[in-house]
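Raw contents of protein38.cif, mmCIF, C-alpha atoms and all ligand atoms; chains and numbers go by the auth columns:
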data_protein
#
loop_
_atom_site.group_PDB
_atom_site.id
_atom_site.type_symbol
_atom_site.label_atom_id
_atom_site.label_comp_id
_atom_site.label_asym_id
_atom_site.label_seq_id
_atom_site.Cartn_x
_atom_site.Cartn_y
_atom_site.Cartn_z
_atom_site.B_iso_or_equiv
_atom_site.auth_seq_id
_atom_site.auth_asym_id
ATOM 1 C CA MET A 1 -79.074 -27.208 33.141 0.00 1404 A
ATOM 2 C CA ALA A 2 -79.101 -29.300 36.279 0.00 1405 A
ATOM 3 C CA LEU A 3 -76.489 -28.957 38.937 0.00 1406 A
ATOM 4 C CA THR A 4 -74.619 -32.206 39.154 0.00 1407 A
ATOM 5 C CA ALA A 5 -73.630 -33.159 42.662 0.00 1408 A
ATOM 6 C CA LEU A 6 -70.035 -34.031 43.297 0.00 1409 A
ATOM 7 C CA ASP A 7 -69.114 -37.637 42.876 0.00 1410 A
ATOM 8 C CA THR A 8 -67.565 -38.385 46.239 0.00 1411 A
ATOM 9 C CA THR A 9 -66.671 -41.967 45.441 0.00 1412 A
ATOM 10 C CA ALA A 10 -63.502 -41.473 43.426 0.00 1413 A
ATOM 11 C CA ASP A 11 -60.517 -39.163 43.139 0.00 1414 A
ATOM 12 C CA GLU A 12 -60.447 -36.908 40.130 0.00 1415 A
ATOM 13 C CA THR A 13 -57.583 -35.327 38.284 0.00 1416 A
ATOM 14 C CA LEU A 14 -58.246 -31.712 37.419 0.00 1417 A
ATOM 15 C CA VAL A 15 -56.171 -29.135 35.594 0.00 1418 A
ATOM 16 C CA CYS A 16 -55.431 -25.858 37.350 0.00 1419 A
ATOM 17 C CA CYS A 17 -56.710 -22.826 35.428 0.00 1420 A
ATOM 18 C CA GLN A 18 -53.768 -20.765 36.642 0.00 1421 A
ATOM 19 C CA CYS A 19 -50.610 -22.830 36.411 0.00 1422 A
ATOM 20 C CA GLU A 20 -52.094 -25.466 34.100 0.00 1423 A
ATOM 21 C CA ARG A 21 -50.686 -28.264 36.195 0.00 1424 A
ATOM 22 C CA SER A 22 -52.863 -31.243 36.988 0.00 1425 A
ATOM 23 C CA PHE A 23 -53.815 -31.892 40.571 0.00 1426 A
ATOM 24 C CA THR A 24 -55.880 -34.433 42.432 0.00 1427 A
ATOM 25 C CA PHE A 25 -59.294 -33.540 43.741 0.00 1428 A
ATOM 26 C CA SER A 26 -59.497 -36.304 46.271 0.00 1429 A
ATOM 27 C CA VAL A 27 -62.571 -37.932 47.753 0.00 1430 A
ATOM 28 C CA GLN A 28 -61.612 -36.380 51.082 0.00 1431 A
ATOM 29 C CA GLU A 29 -61.487 -32.906 49.583 0.00 1432 A
ATOM 30 C CA LYS A 30 -64.722 -33.476 47.691 0.00 1433 A
ATOM 31 C CA LYS A 31 -66.499 -34.306 50.930 0.00 1434 A
ATOM 32 C CA VAL A 32 -65.205 -31.133 52.573 0.00 1435 A
ATOM 33 C CA HIS A 33 -66.207 -29.216 49.473 0.00 1436 A
ATOM 34 C CA ALA A 34 -69.713 -30.693 49.479 0.00 1437 A
ATOM 35 C CA ARG A 35 -70.129 -30.050 53.194 0.00 1438 A
ATOM 36 C CA ARG A 36 -69.390 -26.381 52.563 0.00 1439 A
ATOM 37 C CA GLY A 37 -72.190 -26.366 50.031 0.00 1440 A
ATOM 38 C CA TYR A 38 -70.063 -26.215 46.920 0.00 1441 A
ATOM 39 C CA SER A 39 -71.145 -28.276 43.959 0.00 1442 A
ATOM 40 C CA ASN A 40 -68.602 -27.058 41.443 0.00 1443 A
ATOM 41 C CA LYS A 41 -65.087 -28.361 41.097 0.00 1444 A
ATOM 42 C CA PRO A 42 -62.117 -26.255 42.161 0.00 1445 A
ATOM 43 C CA LYS A 43 -60.501 -24.315 39.327 0.00 1446 A
ATOM 44 C CA ARG A 44 -57.122 -24.029 40.969 0.00 1447 A
ATOM 45 C CA CYS A 45 -54.616 -26.450 42.415 0.00 1448 A
ATOM 46 C CA PRO A 46 -53.924 -26.294 46.186 0.00 1449 A
ATOM 47 C CA THR A 47 -50.720 -24.303 45.602 0.00 1450 A
ATOM 48 C CA CYS A 48 -52.437 -21.604 43.556 0.00 1451 A
ATOM 49 C CA ARG A 49 -55.331 -21.498 45.997 0.00 1452 A
ATOM 50 C CA GLU A 50 -52.855 -20.985 48.832 0.00 1453 A
ATOM 51 C CA ASN A 51 -51.048 -18.274 46.877 0.00 1454 A
ATOM 52 C CA ARG A 52 -54.323 -16.550 46.150 0.00 1455 A
ATOM 53 C CA ARG A 53 -55.250 -16.620 49.794 0.00 1456 A
ATOM 54 C CA ASN A 54 -51.887 -15.147 50.729 0.00 1457 A
ATOM 55 C CA GLY A 55 -52.276 -12.505 48.065 0.00 1458 A
ATOM 56 C CA THR A 56 -49.044 -13.567 46.390 0.00 1459 A
ATOM 57 C CA GLN A 57 -50.556 -14.488 43.111 0.00 1460 A
ATOM 58 C CA SER A 58 -47.842 -15.791 40.858 0.00 1461 A
ATOM 59 C CA LYS A 59 -49.056 -15.074 37.397 0.00 1462 A
ATOM 60 C CA PRO A 60 -47.047 -16.554 34.583 0.00 1463 A
ATOM 61 C CA MET A 61 -44.397 -14.222 33.201 0.00 1464 A
ATOM 62 C CA SER A 62 -45.092 -12.562 29.908 0.00 1465 A
ATOM 63 C CA GLU A 63 -42.654 -12.889 27.031 0.00 1466 A
ATOM 64 C CA SER A 64 -41.282 -9.379 27.526 0.00 1467 A
ATOM 65 C CA GLU A 65 -40.834 -10.031 31.252 0.00 1468 A
ATOM 66 C CA ILE A 66 -38.902 -13.218 30.490 0.00 1469 A
ATOM 67 C CA LEU A 67 -36.777 -11.285 27.994 0.00 1470 A
ATOM 68 C CA LEU A 68 -36.101 -8.587 30.564 0.00 1471 A
ATOM 69 C CA GLU A 69 -35.114 -11.188 33.177 0.00 1472 A
ATOM 70 C CA THR A 70 -32.816 -12.861 30.671 0.00 1473 A
ATOM 71 C CA CYS A 71 -31.174 -9.548 29.746 0.00 1474 A
ATOM 72 C CA LYS A 72 -30.637 -8.782 33.408 0.00 1475 A
ATOM 73 C CA ALA A 73 -29.103 -12.203 33.988 0.00 1476 A
ATOM 74 C CA ILE A 74 -26.807 -11.801 30.976 0.00 1477 A
ATOM 75 C CA GLY A 75 -25.777 -8.348 32.184 0.00 1478 A
ATOM 76 C CA GLU A 76 -24.953 -9.716 35.619 0.00 1479 A
ATOM 77 C CA LEU A 77 -23.054 -12.596 34.062 0.00 1480 A
ATOM 78 C CA ARG A 78 -21.056 -10.189 31.913 0.00 1481 A
ATOM 79 C CA VAL A 79 -20.079 -8.074 34.939 0.00 1482 A
ATOM 80 C CA PHE A 80 -19.098 -11.251 36.773 0.00 1483 A
ATOM 81 C CA MET A 81 -17.009 -12.494 33.838 0.00 1484 A
ATOM 82 C CA GLU A 82 -15.325 -9.121 33.403 0.00 1485 A
ATOM 83 C CA ARG A 83 -14.376 -9.096 37.079 0.00 1486 A
ATOM 84 C CA LYS A 84 -13.062 -12.638 36.787 0.00 1487 A
ATOM 85 C CA MET A 85 -11.045 -11.740 33.713 0.00 1488 A
ATOM 86 C CA ALA A 86 -9.638 -8.660 35.430 0.00 1489 A
ATOM 87 C CA SER A 87 -8.526 -10.710 38.429 0.00 1490 A
ATOM 88 C CA ILE A 88 -6.987 -13.354 36.172 0.00 1491 A
ATOM 89 C CA GLU A 89 -5.105 -10.651 34.235 0.00 1492 A
ATOM 90 C CA GLN A 90 -3.893 -9.153 37.500 0.00 1493 A
ATOM 91 C CA ARG A 91 -2.659 -12.530 38.631 0.00 1494 A
ATOM 92 C CA LEU A 92 -0.902 -13.109 35.289 0.00 1495 A
ATOM 93 C CA ASP A 93 0.717 -9.696 35.611 0.00 1496 A
ATOM 94 C CA SER A 94 2.018 -10.490 39.067 0.00 1497 A
ATOM 95 C CA ILE A 95 3.304 -13.871 37.915 0.00 1498 A
ATOM 96 C CA GLU A 96 5.061 -12.161 35.013 0.00 1499 A
ATOM 97 C CA GLU A 97 6.543 -9.618 37.364 0.00 1500 A
ATOM 98 C CA ALA A 98 7.717 -12.351 39.699 0.00 1501 A
ATOM 99 C CA LEU A 99 9.296 -14.234 36.811 0.00 1502 A
ATOM 100 C CA ARG A 100 11.016 -11.106 35.579 0.00 1503 A
ATOM 101 C CA GLY A 101 12.234 -10.343 39.088 0.00 1504 A
ATOM 102 C CA GLU A 102 13.990 -13.676 39.326 0.00 1505 A
HETATM 103 ZN ZN ZN B . -52.133 -24.041 40.019 0.00 1601 A
#
For the file at hand, write its structure as structure tokens.
Amino acid sequence: MALTALDTTADETLVCCQCERSFTFSVQEKKVHARRGYSNKPKRCPTCRENRRNGTQSKPMSESEILLETCKAIGELRVFMERKMASIEQRLDSIEEALRGE
């Protein structure tokens, strides 16, 4: 298996192995890549590479994690709605009182 040198004459669209988004491996980047002695194509998009470098790897959420996040959001929403309802009821009560007081 021969190592194929990078084709530095045209941009290439690659798919990131991490976020599965497509990104452009430009001629400019290829030249930098080749100068550093790399002959393989990058596996990750610039964003994921940056994240990896910063150590903040954002791995896709698993189904149970998504479920957990959704449950949390629903719980928060319920608390919010209950508070809203309570304040509306309070306001209705005070309006009623005011009407009765007239
Ligand atoms: Zn990516």
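Within the file as shown, the PyMOL selection byres (((chain A and resi 1432) around 12) and not hetatm) identifies Leu1409, Asp1410, Thr1411, Thr1412, Ala1413, Asp1414, Glu1415, Phe1426, Thr1427, Phe1428, Ser1429, Val1430, Gln1431, Lys1433, Lys1434, Val1435, His1436, Ala1437, Arg1438, Arg1439, Tyr1441, Lys1444, Pro1445, Cys1448 and Pro1449 of chain A.
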Give me the residues of chain A that have any atom at most 8 Å from an atom of ligand ZN 1601 (chain A); for each, the nearest atom pair and the distance in Å, rounded to one decimal. Use only C-alpha atoms and all ligand atoms, sort by chain and number, and format it as a tab-separated table.
residue	atom	partner	partner_atom	distance
A:Val1418	CA	A:ZN1601	ZN	7.9
A:Cys1419	CA	A:ZN1601	ZN	4.6
A:Cys1420	CA	A:ZN1601	ZN	6.6
A:Gln1421	CA	A:ZN1601	ZN	5.0
A:Cys1422	CA	A:ZN1601	ZN	4.1
A:Glu1423	CA	A:ZN1601	ZN	6.1
A:Arg1424	CA	A:ZN1601	ZN	5.9
A:Ser1425	CA	A:ZN1601	ZN	7.8
A:Arg1447	CA	A:ZN1601	ZN	5.1
A:Cys1448	CA	A:ZN1601	ZN	4.2
A:Pro1449	CA	A:ZN1601	ZN	6.8
A:Thr1450	CA	A:ZN1601	ZN	5.8
A:Cys1451	CA	A:ZN1601	ZN	4.3
A:Arg1452	CA	A:ZN1601	ZN	7.2
Margin query: Quick check, in Å to one decimal: how far apart do CA of Ala1476 in chain A and CA of Met1464 in chain A lie?
Written below: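 Interatomic distance here is 15.4 Å.
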- Please measure the separation of CA of Glu1485 in chain A and CA of Leu1471 in chain A, giving the value in Å to one decimal.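 The value is 21.0 Å.
In this model, the gap between CA of Ser1442 in chain A and CA of Leu1417 in chain A comes to 14.9 Å.
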Adding 6 Å on each side of the box along x, y and z that holds all listed atoms of range 1490-1497 of chain A, could you give its centre and edge lengths in Å to one decimal, as AutoDock Vina command-line options?
--center_x -3.3 --center_y -11.3 --center_z 36.7 --size_x 22.5 --size_y 16.2 --size_z 16.8
Enumerate, in order of chain and increasing residue number, the residues of range 1446-1491 of chain A with an atom no farther than 12 Å from range 1496-1499 of chain A, each with its shortest atom pair and distance in Å to one decimal, counting all atoms listed in the file, as a tab-separated table.
residue	atom	partner	partner_atom	distance
A:Ala1489	CA	A:Asp1496	CA	10.4
A:Ser1490	CA	A:Asp1496	CA	9.7
A:Ile1491	CA	A:Asp1496	CA	8.5
